[in-house]
Amino acid sequence: MSAALVAGLVAGYGIAMPVGAIGVYLVELTARTSWRVGAAAAMGVATADGVYAVLATTSGAALAPLLAPITTPLRLTSAVALFLLATWTAVRAIRRYRSAETPLLATEPHPLKAYATLLGLTLLNPSTIIYFTALVLGERPANGTVFAAAAFAASASWQLLLAIGGALLGRGLTGPRGRLGTALLSSAVILVLAVRLL
């Protein structure tokens with residue numbers, strides 16, 4: 001059981017720690033809204049990682065050949081979703097800046113919406129399922145439930161750490177220019193990552 005626990009923690013941190021478009025968006029979302037919204041969004045990312053860990057442990061060998069033909073369409077769909085997210089973030093930030101909207105929480109999304117958005121975006125990422133499937137096929141943890149739970153816990157702890165960083169950043173950048181700058185920077189990074197998927 002301890003081997004599956006350690007393998008799950010390593011797998012969870014391995015997929016969560018490289019900060020990509022989702023991580024950047026999570027920090028930016030928390031910075032411009034609140035810790036509550038950021039934490040909900042973080043749990044959306046962790047839930048997707050947990051779902052993929054469960055799928056990999058329960059049917060990884062069967063899924064690997066099925067995913068091979070759809071990896072390219074999934075990557076393209078993911079790139080389009082990231083492009084739309086980058087555009088939406090930039091347009092919204094510019095509109096807010098031009099309208100001189102100052103309250104941070106005036107347009108705060110509901111935490112459930114933030115959770116669902118980040119869950120959906122993370123589920124679109126084919127590299128997550130391929131990553132977990134490759135790990136499971138290579139290591140074959142004795143206890144798949146412990147492996148999946150540990151992977152979820154590791155991902156959740158890292159995503160919540162990113163949200164905390166966003167909340168702290170938000171306190172330091174509460175002015176209109178600061179929020180515009182962070183949103184545009186976030187959009188640019190997400191856009192670059194979307195282009196790299198193509």
# chains A, B, ... in the order shown; residues from 1 in each chain; ligands from 1
>>> closest_atom_pairs(of="region 6-26 of chain A", to="region 39-45 of chain A", cutoff="10 Å", atoms="only C-alpha atoms", output="JSON lines")
{"residue": "A:Ala16", "atom": "CA", "partner": "A:Val45", "partner_atom": "CA", "distance": 8.9}
{"residue": "A:Ile22", "atom": "CA", "partner": "A:Val45", "partner_atom": "CA", "distance": 8.1}
{"residue": "A:Gly23", "atom": "CA", "partner": "A:Ala42", "partner_atom": "CA", "distance": 8.8}
{"residue": "A:Tyr25", "atom": "CA", "partner": "A:Ala41", "partner_atom": "CA", "distance": 9.7}
{"residue": "A:Leu26", "atom": "CA", "partner": "A:Ala41", "partner_atom": "CA", "distance": 6.8}
>>> residues_around(residues="Val27 (chain A)", least_positions_apart="4", cutoff="8 Å", atoms="only C-alpha atoms", output="list in words")
Gly23, Ala31, Gly38, Leu162, Ala163, Gly165, Gly166 and Ala167 of chain A
>>> atom_distance(atom1="CA of Thr77 (chain A)", atom2="CA of Ala154 (chain A)")
26.6 Å
>>> closest_residue(among="A:Leu121, A:Leu168, A:Ala46, A:Leu198", to="Met17 (chain A)", atoms="only C-alpha atoms")
A:Ala46
>>> closest_residue(among="A:Thr72, A:Thr122, A:Ser187, A:Thr57", to="Gly8 (chain A)", atoms="only C-alpha atoms")
A:Thr57
>>> closest_residue(among="A:Ser99, A:Thr30, A:Ser157, A:Ser59", to="Gly144 (chain A)", atoms="only C-alpha atoms")
A:Ser59
>>> atom_distance(atom1="CA of Val54 (chain A)", atom2="CA of Ala150 (chain A)")
10.7 Å
>>> atom_distance(atom1="CA of Thr89 (chain A)", atom2="CA of Tyr52 (chain A)")
27.1 Å
>>> closest_residue(among="A:Ala48, A:Leu184, A:Leu84, A:Ala153", to="Leu119 (chain A)", atoms="only C-alpha atoms")
A:Ala48
